[in-house]
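Asks: Just entry_1.cif, nothing more (mmCIF, C-alpha atoms):
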```cif
data_coords
loop_
_atom_site.label_atom_id
_atom_site.label_comp_id
_atom_site.auth_asym_id
_atom_site.auth_seq_id
_atom_site.Cartn_x
_atom_site.Cartn_y
_atom_site.Cartn_z
CA MET E 169 49.75 -4.72 30.03
CA PRO E 170 51.13 -7.55 27.84
CA ASN E 171 50.49 -6.96 24.18
CA ILE E 172 49.12 -10.43 23.63
CA ILE E 173 45.53 -11.24 22.90
CA PRO E 174 44.64 -14.49 24.65
CA PRO E 175 43.50 -17.19 22.19
CA GLY E 176 40.06 -17.22 23.76
CA CYS E 177 39.60 -13.53 22.98
CA ARG E 178 40.59 -14.02 19.35
CA LEU E 179 38.02 -16.76 19.09
CA GLY E 180 35.55 -14.37 20.68
CA TRP E 181 36.24 -11.75 18.01
CA LYS E 182 35.80 -14.32 15.26
CA LEU E 183 32.54 -15.43 16.79
CA LEU E 184 31.43 -11.84 17.06
CA LEU E 185 32.27 -11.19 13.40
CA LEU E 186 30.57 -14.41 12.38
CA THR E 187 27.39 -13.68 14.30
CA THR E 188 27.40 -10.11 12.96
CA ALA E 189 27.65 -11.49 9.43
CA LEU E 190 24.88 -13.97 10.13
CA ASN E 191 22.68 -11.29 11.60
CA PHE E 192 23.20 -8.79 8.82
CA PRO E 193 20.63 -10.23 6.37
CA LEU E 194 17.98 -10.00 9.09
CA ALA E 195 18.91 -6.41 9.87
CA ALA E 196 18.84 -5.54 6.17
CA ARG E 197 15.38 -7.05 5.85
CA ALA E 198 14.03 -4.94 8.68
CA ASP E 199 15.29 -1.89 6.81
CA ASN E 200 13.56 -2.62 3.51
CA PRO E 201 11.66 0.38 2.19
CA ILE E 202 7.90 0.00 2.37
CA GLY E 203 6.89 2.89 0.15
CA GLN E 204 7.99 5.79 -1.99
CA ILE E 205 7.13 9.49 -2.18
CA LYS E 206 5.34 10.22 -5.48
CA SER E 207 4.05 13.74 -5.03
CA GLU E 208 4.93 16.64 -2.81
CA THR E 209 4.12 20.30 -2.31
CA GLY E 210 5.65 22.64 0.27
CA ALA E 211 7.75 21.16 3.06
CA VAL E 212 7.57 17.45 3.85
CA SER E 213 9.79 15.64 6.32
CA ALA E 214 10.12 12.51 8.37
CA GLU E 215 11.28 11.56 11.83
CA ARG E 216 13.42 8.50 11.40
CA ALA E 217 15.43 6.89 14.20
CA GLY E 218 15.46 10.13 16.18
CA LYS E 219 16.53 12.27 13.22
CA HIS E 220 14.56 14.81 11.24
CA ILE E 221 15.02 14.47 7.47
CA ASP E 222 13.49 16.25 4.47
CA LEU E 223 11.50 14.10 2.08
CA HIS E 224 11.30 14.61 -1.69
CA VAL E 225 9.71 12.83 -4.64
CA GLY E 226 11.49 9.51 -5.18
CA ASP E 227 12.57 9.12 -1.55
CA ARG E 228 11.72 5.85 0.21
CA VAL E 229 9.85 5.53 3.48
CA PHE E 230 10.36 2.87 6.11
CA ARG E 231 8.46 1.22 8.92
CA SER E 232 8.46 3.44 12.05
CA ASP E 233 8.89 6.64 10.02
CA VAL E 234 6.72 9.56 11.08
CA VAL E 235 5.76 11.59 7.99
CA ILE E 236 5.15 15.28 8.65
CA THR E 237 3.76 18.08 6.48
CA ALA E 238 4.11 21.80 7.21
CA ALA E 239 1.67 24.61 6.33
CA HIS E 240 0.56 24.66 2.67
CA SER E 241 2.22 21.28 2.20
CA SER E 242 1.08 17.86 1.09
CA VAL E 243 2.57 14.51 0.19
CA GLY E 244 1.50 11.37 -1.71
CA VAL E 245 3.03 7.96 -1.04
CA THR E 246 2.68 4.55 -2.72
CA PHE E 247 3.31 1.41 -0.67
CA SER E 248 4.58 -1.94 -1.87
CA ASP E 249 1.09 -3.50 -1.72
CA ASN E 250 -0.20 -0.70 -4.01
CA SER E 251 -1.85 1.18 -1.15
CA LEU E 252 -1.92 4.92 -1.83
CA LEU E 253 -1.82 7.45 1.01
CA ALA E 254 -1.76 11.24 0.96
CA LEU E 255 -1.51 13.90 3.67
CA GLY E 256 -2.74 17.49 3.60
CA SER E 257 -1.18 20.43 5.49
CA PHE E 258 -0.15 20.29 9.16
CA SER E 259 -0.35 16.52 9.28
CA ARG E 260 1.56 13.91 11.18
CA LEU E 261 1.32 10.21 10.32
CA SER E 262 3.34 7.37 11.80
CA LEU E 263 3.90 4.20 9.80
CA ASP E 264 3.59 1.82 12.74
CA GLN E 265 3.54 -1.53 11.02
CA PHE E 266 3.88 -2.87 7.48
CA ARG E 267 4.13 -6.52 6.50
CA PHE E 268 3.37 -7.76 3.01
CA ASP E 269 3.97 -11.17 1.43
CA THR E 270 4.16 -10.64 -2.34
CA THR E 271 3.26 -14.29 -3.02
CA THR E 272 0.24 -14.73 -0.74
CA HIS E 273 -0.64 -11.04 -0.29
CA ASP E 274 -1.01 -11.69 3.45
CA GLY E 275 0.03 -8.74 5.54
CA ALA E 276 -0.77 -5.98 7.97
CA PHE E 277 -0.59 -2.23 7.67
CA ASP E 278 -1.05 0.05 10.70
CA VAL E 279 -0.72 3.81 10.66
CA SER E 280 -1.52 6.48 13.24
CA LEU E 281 -2.82 9.87 12.17
CA HIS E 282 -1.75 12.12 15.04
CA ARG E 283 -3.14 15.21 13.40
CA GLY E 284 -4.19 16.58 10.03
CA THR E 285 -5.88 15.08 7.00
CA LEU E 286 -5.28 11.71 5.36
CA ALA E 287 -6.65 10.28 2.10
CA VAL E 288 -6.38 6.52 1.52
CA LYS E 289 -6.87 4.09 -1.35
CA SER E 290 -6.25 0.66 0.12
CA GLY E 291 -4.18 -1.96 -1.69
CA GLN E 292 -3.55 -5.69 -1.89
CA ILE E 293 -3.22 -6.26 1.87
CA VAL E 294 -6.84 -5.19 2.39
CA LYS E 295 -8.02 -7.00 -0.76
CA GLN E 296 -6.58 -10.23 0.63
CA SER E 297 -7.57 -9.65 4.27
CA PRO E 298 -10.24 -7.02 4.97
CA GLU E 299 -9.43 -4.96 8.06
CA ALA E 300 -5.73 -5.96 7.93
CA MET E 301 -5.15 -2.23 7.48
CA ARG E 302 -5.90 0.01 10.44
CA VAL E 303 -5.79 3.76 10.86
CA ARG E 304 -5.55 4.93 14.46
CA THR E 305 -6.44 8.38 15.66
CA ARG E 306 -6.49 9.75 19.19
CA VAL E 307 -10.13 8.79 19.55
CA ALA E 308 -10.81 5.80 17.29
CA VAL E 309 -9.44 2.86 15.32
CA LEU E 310 -10.57 2.50 11.70
CA GLY E 311 -10.58 -0.99 10.20
CA VAL E 312 -10.23 -0.69 6.43
CA ARG E 313 -12.36 -2.96 4.27
CA GLY E 314 -11.51 -0.98 1.14
CA THR E 315 -10.92 1.14 -0.62
CA GLU E 316 -11.25 4.96 -0.63
CA PHE E 317 -11.78 7.15 2.40
CA VAL E 318 -10.54 10.28 4.11
CA VAL E 319 -9.79 10.98 7.79
CA ARG E 320 -9.21 14.14 9.78
CA ALA E 321 -7.74 14.01 13.27
CA ASP E 322 -6.73 16.49 15.92
CA ASP E 323 -4.05 15.97 18.52
CA GLY E 324 -6.33 16.96 21.40
CA GLU E 325 -4.38 20.15 22.06
CA GLY E 326 -6.89 22.54 20.49
CA GLN E 327 -6.46 24.01 17.02
CA MET G 128 -24.61 -5.08 5.42
CA ASN G 129 -27.99 -6.10 4.01
CA ARG G 130 -30.60 -3.86 2.47
CA ARG G 131 -32.52 -3.36 5.72
CA GLU G 132 -29.39 -2.34 7.53
CA SER G 133 -28.43 0.10 4.81
CA LEU G 134 -31.88 1.65 5.03
CA LEU G 135 -31.36 1.97 8.77
CA VAL G 136 -28.04 3.71 8.20
CA MET G 137 -29.68 6.08 5.74
CA ALA G 138 -32.41 6.81 8.24
CA LEU G 139 -29.82 7.48 10.93
CA ALA G 140 -27.93 9.72 8.56
CA SER G 141 -30.09 12.68 9.41
CA ALA G 142 -27.39 14.72 11.06
CA THR G 143 -25.50 16.95 8.71
CA LEU G 144 -21.82 17.71 8.77
CA THR G 145 -22.42 21.34 9.63
CA ALA G 146 -24.14 20.25 12.84
CA CYS G 147 -20.94 18.57 13.86
CA ALA G 148 -18.52 21.20 12.65
CA SER G 149 -17.08 21.56 16.14
CA SER G 150 -15.54 18.09 15.96
CA ARG G 151 -12.22 17.97 14.12
CA ASN G 152 -12.19 14.18 14.06
CA LEU G 153 -13.95 12.86 11.02
CA VAL G 154 -13.96 9.95 8.58
CA VAL G 155 -15.77 9.84 5.22
CA VAL G 156 -16.05 6.83 2.88
CA LEU G 157 -15.75 7.87 -0.78
CA PRO G 158 -17.12 6.29 -3.95
CA GLU G 159 -14.44 4.79 -6.17
CA ALA G 160 -13.92 5.81 -9.79
CA ASP G 161 -15.88 2.73 -10.96
CA GLY G 162 -18.81 3.53 -8.62
CA HIS G 163 -17.99 0.75 -6.18
CA VAL G 164 -18.06 1.75 -2.50
CA GLY G 165 -15.94 0.05 0.14
CA ALA G 166 -16.26 0.21 3.89
CA VAL G 167 -14.52 1.39 7.02
CA VAL G 168 -15.24 -0.05 10.47
CA VAL G 169 -15.01 2.64 13.14
CA GLN G 170 -14.16 1.40 16.63
CA ALA G 171 -14.21 3.82 19.51
CA GLY G 172 -15.13 3.61 23.14
CA GLY G 173 -16.31 0.02 22.83
CA SER G 174 -18.76 0.74 20.00
CA LYS G 175 -18.41 -0.30 16.40
CA THR G 176 -19.89 1.47 13.38
CA VAL G 177 -19.67 0.31 9.77
CA LEU G 178 -19.56 3.06 7.15
CA ASN G 179 -20.27 1.53 3.77
CA ALA G 180 -22.17 4.01 1.66
CA ALA G 181 -20.81 6.72 -0.60
CA TYR G 182 -20.07 9.81 1.52
CA ALA G 183 -21.07 8.03 4.72
CA ALA G 184 -19.36 10.03 7.43
CA ASP G 185 -18.69 9.68 11.11
CA HIS G 186 -17.39 12.12 13.62
CA LEU G 187 -14.98 10.34 15.87
CA PRO G 188 -15.57 8.89 18.32
CA PRO G 189 -18.98 7.67 17.20
CA GLY G 190 -21.80 8.32 19.59
CA HIS G 191 -24.96 10.34 19.80
CA GLN G 192 -26.18 11.43 16.39
CA ARG G 193 -22.78 11.55 14.78
CA LEU G 194 -23.54 9.41 11.77
CA ALA G 195 -23.94 11.72 8.83
CA THR G 196 -23.58 12.07 5.12
CA ALA G 197 -20.96 14.39 3.76
CA ASP G 198 -21.44 16.11 0.44
CA ALA G 199 -18.81 16.23 -2.25
CA ARG G 200 -18.22 19.96 -1.69
CA THR G 201 -17.54 19.55 2.02
CA VAL G 202 -15.15 16.69 1.28
CA GLU G 203 -13.38 18.86 -1.27
CA ARG G 204 -13.13 21.75 1.19
CA ILE G 205 -11.63 19.69 4.02
CA PHE G 206 -9.75 17.01 2.12
CA GLY G 207 -9.14 18.53 -1.33
CA GLU G 208 -5.46 19.09 -0.65
CA ALA G 209 -4.85 15.49 0.48
CA LEU G 210 -7.01 14.01 -2.31
CA ALA G 211 -5.13 16.01 -4.95
CA SER G 212 -1.88 14.55 -3.63
CA LEU G 213 -2.94 10.90 -3.93
CA PRO G 214 -0.52 9.21 -6.32
CA ARG G 215 -1.87 8.00 -9.67
CA ALA G 216 -3.47 4.56 -9.37
CA PRO G 217 -1.18 1.70 -10.45
CA VAL G 218 -1.80 0.41 -13.99
CA ASP G 219 -1.43 -3.25 -15.08
CA PHE G 220 -0.19 -4.67 -18.39
CA THR G 221 -0.54 -8.40 -19.10
CA PHE G 222 1.89 -10.63 -21.04
CA HIS G 223 1.10 -14.27 -21.95
CA PHE G 224 3.21 -17.45 -22.13
CA ALA G 225 3.19 -20.79 -23.95
CA SER G 226 2.57 -23.90 -21.78
CA ASN G 227 5.41 -24.63 -19.31
CA SER G 228 7.47 -21.90 -20.91
CA THR G 229 9.11 -18.73 -19.69
CA GLU G 230 9.49 -17.26 -23.20
CA LEU G 231 7.52 -14.14 -23.97
CA ASP G 232 4.92 -14.37 -26.70
CA ALA G 233 6.28 -12.10 -29.45
CA ALA G 234 2.95 -10.38 -30.01
CA ALA G 235 2.73 -9.56 -26.31
CA MET G 236 5.89 -7.54 -26.57
CA LYS G 237 3.73 -4.84 -28.06
CA GLU G 238 2.30 -4.34 -24.57
CA LEU G 239 5.70 -3.00 -23.73
CA ASP G 240 4.93 0.24 -25.54
CA GLY G 241 2.10 0.77 -23.09
CA VAL G 242 4.39 0.15 -20.14
CA ILE G 243 6.91 2.68 -21.43
CA ALA G 244 4.20 5.27 -22.05
CA GLU G 245 2.83 4.78 -18.53
CA ILE G 246 6.29 5.17 -16.99
CA ALA G 247 6.68 8.47 -18.84
CA GLN G 248 3.47 9.74 -17.18
CA ARG G 249 4.85 9.32 -13.68
CA LYS G 250 7.37 10.73 -11.27
CA ALA G 251 9.60 8.14 -9.61
CA ALA G 252 7.85 5.29 -11.44
CA GLU G 253 8.22 1.79 -10.01
CA VAL G 254 7.64 -1.44 -11.89
CA VAL G 255 6.38 -4.64 -10.28
CA ILE G 256 6.58 -7.80 -12.40
CA THR G 257 4.23 -10.52 -11.11
CA GLY G 258 4.12 -14.04 -12.55
CA HIS G 259 1.00 -16.25 -12.62
CA THR G 260 0.46 -19.86 -13.75
CA ASP G 261 -2.53 -21.87 -14.85
CA THR G 262 -4.05 -24.24 -12.29
CA VAL G 263 -2.21 -27.44 -13.34
CA GLY G 264 0.06 -28.79 -10.56
CA GLY G 265 0.80 -27.93 -6.95
CA ASP G 266 1.31 -24.60 -5.26
CA GLU G 267 5.05 -24.93 -4.76
CA ASP G 268 5.88 -25.76 -8.40
CA ASN G 269 3.61 -23.04 -9.64
CA GLU G 270 5.12 -20.45 -7.30
CA ALA G 271 8.57 -21.30 -8.63
CA LEU G 272 7.38 -21.24 -12.25
CA SER G 273 5.51 -17.97 -11.84
CA ARG G 274 8.53 -16.34 -10.22
CA ALA G 275 10.80 -17.69 -12.96
CA ARG G 276 8.54 -16.12 -15.56
CA ALA G 277 8.60 -12.82 -13.73
CA GLU G 278 12.39 -12.94 -13.49
CA THR G 279 12.70 -13.75 -17.20
CA VAL G 280 10.65 -10.71 -18.03
CA ARG G 281 12.63 -8.57 -15.60
CA ASP G 282 15.97 -9.70 -17.06
CA ARG G 283 14.76 -8.95 -20.53
CA LEU G 284 13.26 -5.58 -19.67
CA ALA G 285 15.84 -4.29 -17.17
CA PRO G 286 17.92 -2.42 -19.80
CA VAL G 287 14.79 -0.96 -21.41
CA LEU G 288 13.42 0.14 -18.03
CA THR G 289 16.74 1.67 -16.99
CA SER G 290 16.92 3.62 -20.23
CA HIS G 291 13.46 5.00 -19.49
CA GLY G 292 14.44 6.18 -16.03
CA VAL G 293 13.44 3.20 -13.89
CA PRO G 294 16.57 2.00 -12.04
CA PRO G 295 16.94 -1.66 -10.97
CA GLU G 296 16.06 -0.81 -7.34
CA SER G 297 12.65 0.38 -8.56
CA VAL G 298 11.93 -2.92 -10.30
CA SER G 299 10.67 -5.87 -8.24
CA VAL G 300 9.41 -9.36 -9.03
CA ALA G 301 6.80 -11.59 -7.41
CA GLY G 302 5.39 -15.05 -8.10
CA ARG G 303 1.75 -15.61 -7.26
CA GLY G 304 1.66 -19.23 -8.50
CA LYS G 305 -1.91 -20.28 -9.26
CA ARG G 306 -3.50 -18.12 -6.55
CA GLU G 307 -4.95 -15.55 -8.87
CA PRO G 308 -6.57 -17.15 -11.94
CA LEU G 309 -8.53 -14.79 -14.15
CA PRO G 310 -12.27 -14.41 -13.47
CA GLY G 311 -14.09 -17.31 -15.14
CA HIS G 312 -10.84 -19.33 -15.34
CA GLU G 313 -10.74 -20.60 -11.75
CA ARG G 314 -11.22 -24.38 -12.31
CA ASP G 315 -8.35 -26.30 -10.66
CA ASN G 316 -5.98 -28.57 -12.61
CA THR G 317 -6.83 -27.01 -15.94
CA GLU G 318 -4.46 -25.97 -18.69
CA ASP G 319 -5.29 -22.42 -19.55
CA PRO G 320 -3.10 -20.17 -21.70
CA LEU G 321 -4.87 -17.06 -20.41
CA ASN G 322 -3.81 -17.80 -16.83
CA ARG G 323 -0.16 -18.31 -17.84
CA ARG G 324 0.81 -14.70 -17.67
CA VAL G 325 3.02 -12.02 -16.25
CA VAL G 326 1.44 -8.79 -15.10
CA ILE G 327 3.58 -5.67 -15.20
CA THR G 328 2.34 -3.05 -12.80
CA VAL G 329 3.52 0.52 -13.18
CA ARG G 330 3.04 2.62 -10.06
#
```
Turn the structure described in the file into structure tokens.

Replies:
Amino acid sequence: MPNIIPPGCRLGWKLLLLTTALNFPLAARADNPIGQIKSETGAVSAERAGKHIDLHVGDRVFRSDVVITAAHSSVGVTFSDNSLLALGSFSRLSLDQFRFDTTTHDGAFDVSLHRGTLAVKSGQIVKQSPEAMRVRTRVAVLGVRGTEFVVRADDGEGQ
Amino acid sequence: MNRRESLLVMALASATLTACASSRNLVVVLPEADGHVGAVVVQAGGSKTVLNAAYAADHLPPGHQRLATADARTVERIFGEALASLPRAPVDFTFHFASNSTELDAAAMKELDGVIAEIAQRKAAEVVITGHTDTVGGDEDNEALSRARAETVRDRLAPVLTSHGVPPESVSVAGRGKREPLPGHERDNTEDPLNRRVVITVR
């Protein structure tokens, strides 16, 4: 095979690099943290992009993370709209959607409590747009008009 | 919800939590520290229930005789662990500006001591610096001005914050323009030194 890269291919590589560079800011934006762990007892972890990682105070959380607590464990998280969430033992919460415009305070915040206990103090997203935060469980959808409430959910597999 | 509706809810709230102990799915609305009570709209199986009284509770999904009132002890028993883990509420500190200026009022710098003290109270403290303008001018100019004020404050405080354990990635800025005038200061196109401010939130 001749060791010559046809000119068209070189152009292709340049285009690929260029489009990668152009796309990178968008990719970076999708990966912005949406919250931070502030308190923790016991064992707290997350499922992120197919991997299981331990979470500790100071760690960031991201959209699509699933936050998990073990027995005798709990975790408290602040989000960038000042929402505060906390989980008790044996809980599993997915952070399905989080959008927040720091200028207008428009946004949306969806989580799913698959099992366990959740305490919520809603933040600026709900203050700006009541019910723009939703908590889903296996059996219901909660529209949050503010501010403090607690939820317990089971996973339907008997406990 | 009007008064009649709230009376109806109270009348319906005859079931007690113990009667529904078999259901693991539960939501309870809590009173806030200032006594205010918010609301949660429960949607399940095509029905919609609004919980908007302190300790109003609902076993999910809502249905026959599930509306109830929880008592503080039951809430503590089931949710005490989660409630104890809620992060401290964010605290705001306000700094004022001269007209059209981004320079910090010297006296306001004293607020900084409060910010530092609040940071010391927290683990993994974050600082959000939010600029506001008075109501003179259009949205776009005011957004830019409010953000410029916030950035000025951030640039000035960054070394101080870093030295108190808040790294640059934990400091963010926002510009709200004239969207959030202080209560009683909402009149449009009005010069108002109280509205020209930067709010530093520690969370």

Asks: Interatomic distance between CA of Arg313 in chain E and CA of Ala276 in chain E?

Replies: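 Between these atoms lies a distance of 12.5 Å.
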
Asks: Give one line per residue of chain E that approaches chain G to at most 7 Å, naming the two atoms of the closest pair and their distance in Å to one decimal, counting all atoms listed in the file; sort by chain then ascending residue number and deliver it as CSV.

Replies:
```
residue,atom,partner,partner_atom,distance
E:Lys206,CA,G:Pro214,CA,6.0
E:Ser207,CA,G:Ser212,CA,6.1
E:Val225,CA,G:Ala251,CA,6.8
E:Gly226,CA,G:Ala251,CA,5.0
E:Ser242,CA,G:Ala209,CA,6.4
E:Val243,CA,G:Ser212,CA,5.9
E:Gly244,CA,G:Leu213,CA,5.0
E:Val245,CA,G:Pro214,CA,6.5
E:Thr246,CA,G:Pro214,CA,6.7
E:Asn250,CA,G:Pro217,CA,6.9
E:Leu252,CA,G:Pro214,CA,6.4
E:Leu253,CA,G:Leu213,CA,6.1
E:Ala254,CA,G:Leu213,CA,5.0
E:Leu255,CA,G:Ala209,CA,4.9
E:Gly256,CA,G:Ala209,CA,4.3
E:Thr270,CA,G:Ala301,CA,5.8
E:Thr271,CA,G:Arg303,CA,4.7
E:Thr272,CA,G:Arg303,CA,6.8
E:Thr285,CA,G:Phe206,CA,6.5
E:Leu286,CA,G:Ala209,CA,6.2
E:Ala287,CA,G:Ala209,CA,5.7
E:Val307,CA,G:Pro188,CA,5.6
E:Ala308,CA,G:Ala171,CA,4.5
E:Val309,CA,G:Gln170,CA,5.1
E:Leu310,CA,G:Val169,CA,4.7
E:Gly311,CA,G:Val168,CA,4.8
E:Val312,CA,G:Val167,CA,4.8
E:Arg313,CA,G:Ala166,CA,5.0
E:Gly314,CA,G:Gly165,CA,4.7
E:Thr315,CA,G:Gly165,CA,5.2
E:Glu316,CA,G:Leu157,CA,5.4
E:Phe317,CA,G:Val156,CA,4.3
E:Val318,CA,G:Val155,CA,5.4
E:Val319,CA,G:Val154,CA,4.4
E:Arg320,CA,G:Leu153,CA,5.1
E:Ala321,CA,G:Asn152,CA,4.5
E:Asp322,CA,G:Arg151,CA,6.0
```

Asks: Could you list the residues chosen by the PyMOL selection byres ((chain E and resi 215-220) around 8) in this structure as a PyMOL selection string?

Replies: chain E and resi 213-214+221-222+232-236

Asks: Output C-alpha atoms of each residue in that selection to a file, as a PDB file, in the frame of the given file.

Replies:
```pdb
ATOM      1  CA  SER E 213       9.790  15.640   6.320  1.00  0.00           C
ATOM      2  CA  ALA E 214      10.120  12.510   8.370  1.00  0.00           C
ATOM      3  CA  ILE E 221      15.020  14.470   7.470  1.00  0.00           C
ATOM      4  CA  ASP E 222      13.490  16.250   4.470  1.00  0.00           C
ATOM      5  CA  SER E 232       8.460   3.440  12.050  1.00  0.00           C
ATOM      6  CA  ASP E 233       8.890   6.640  10.020  1.00  0.00           C
ATOM      7  CA  VAL E 234       6.720   9.560  11.080  1.00  0.00           C
ATOM      8  CA  VAL E 235       5.760  11.590   7.990  1.00  0.00           C
ATOM      9  CA  ILE E 236       5.150  15.280   8.650  1.00  0.00           C
TER      10      ILE E 236
END
```

Asks: Have a look at CA of Val280 in chain G and CA of Asp319 in chain G and let me know their distance in Å, one decimal.

Replies: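 Computing the Euclidean distance for CA of Val280 in chain G and CA of Asp319 in chain G yields 19.8 Å.
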
Asks: CA of Val212 in chain E and CA of His240 in chain E, how far apart in Å?

Replies: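 It comes out at 10.1 Å.
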
Asks: Assuming the chain letters and numbering stay as they are in my file, what does the PyMOL selection byres ((chain E and resi 261) around 7) actually select? List them as a PyMOL selection string.

Replies: chain E and resi 234-236+259-260+262-263+279-282

Asks: Nearest to Phe258 in chain E: which of E:His224, E:Ala211, E:Glu299, E:Val229 is it, counting all atoms listed in the file?

Replies: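 Ranking E:His224, E:Ala211, E:Glu299, E:Val229 by distance to Phe258 in chain E, first place goes to E:Ala211.
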
Asks: Between G:Thr289, G:Thr260, G:Gln248, G:Asn269, which is the closest to His312 in chain G once you count all atoms listed in the file?

Replies: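 For His312 in chain G, the nearest of the given residues is G:Thr260.
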
Asks: List, as a ChimeraX atom specification, every residue that the PyMOL selection byres ((chain E and resi 296) around 10) selects in the file provided.

Replies: /E:272-275,291-295,297-300,313

Asks: Looking at all atoms listed in the file, which of E:Thr305, E:Gln265, E:Ser248, E:Asn200 is the one that sits closest to Arg283 in chain E?

Replies: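 Smallest separation from Arg283 in chain E among the options: E:Thr305.
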
Asks: Counting only C-alpha atoms, what is within 12 Å of Asp282 in chain G, bar same-chain residues fewer than 4 positions away, as a short mmCIF file (atom, residue, chain, number, x, y, z; two decimals) with C-alpha atoms, in the coordinates of the input?

Replies:
```cif
data_model
loop_
_atom_site.label_atom_id
_atom_site.label_comp_id
_atom_site.auth_asym_id
_atom_site.auth_seq_id
_atom_site.Cartn_x
_atom_site.Cartn_y
_atom_site.Cartn_z
CA THR G 229 9.11 -18.73 -19.69
CA GLU G 230 9.49 -17.26 -23.20
CA LEU G 231 7.52 -14.14 -23.97
CA ILE G 256 6.58 -7.80 -12.40
CA ALA G 275 10.80 -17.69 -12.96
CA ARG G 276 8.54 -16.12 -15.56
CA ALA G 277 8.60 -12.82 -13.73
CA GLU G 278 12.39 -12.94 -13.49
CA PRO G 286 17.92 -2.42 -19.80
CA VAL G 287 14.79 -0.96 -21.41
CA LEU G 288 13.42 0.14 -18.03
CA THR G 289 16.74 1.67 -16.99
CA PRO G 295 16.94 -1.66 -10.97
CA VAL G 298 11.93 -2.92 -10.30
CA SER G 299 10.67 -5.87 -8.24
CA VAL G 300 9.41 -9.36 -9.03
#
```
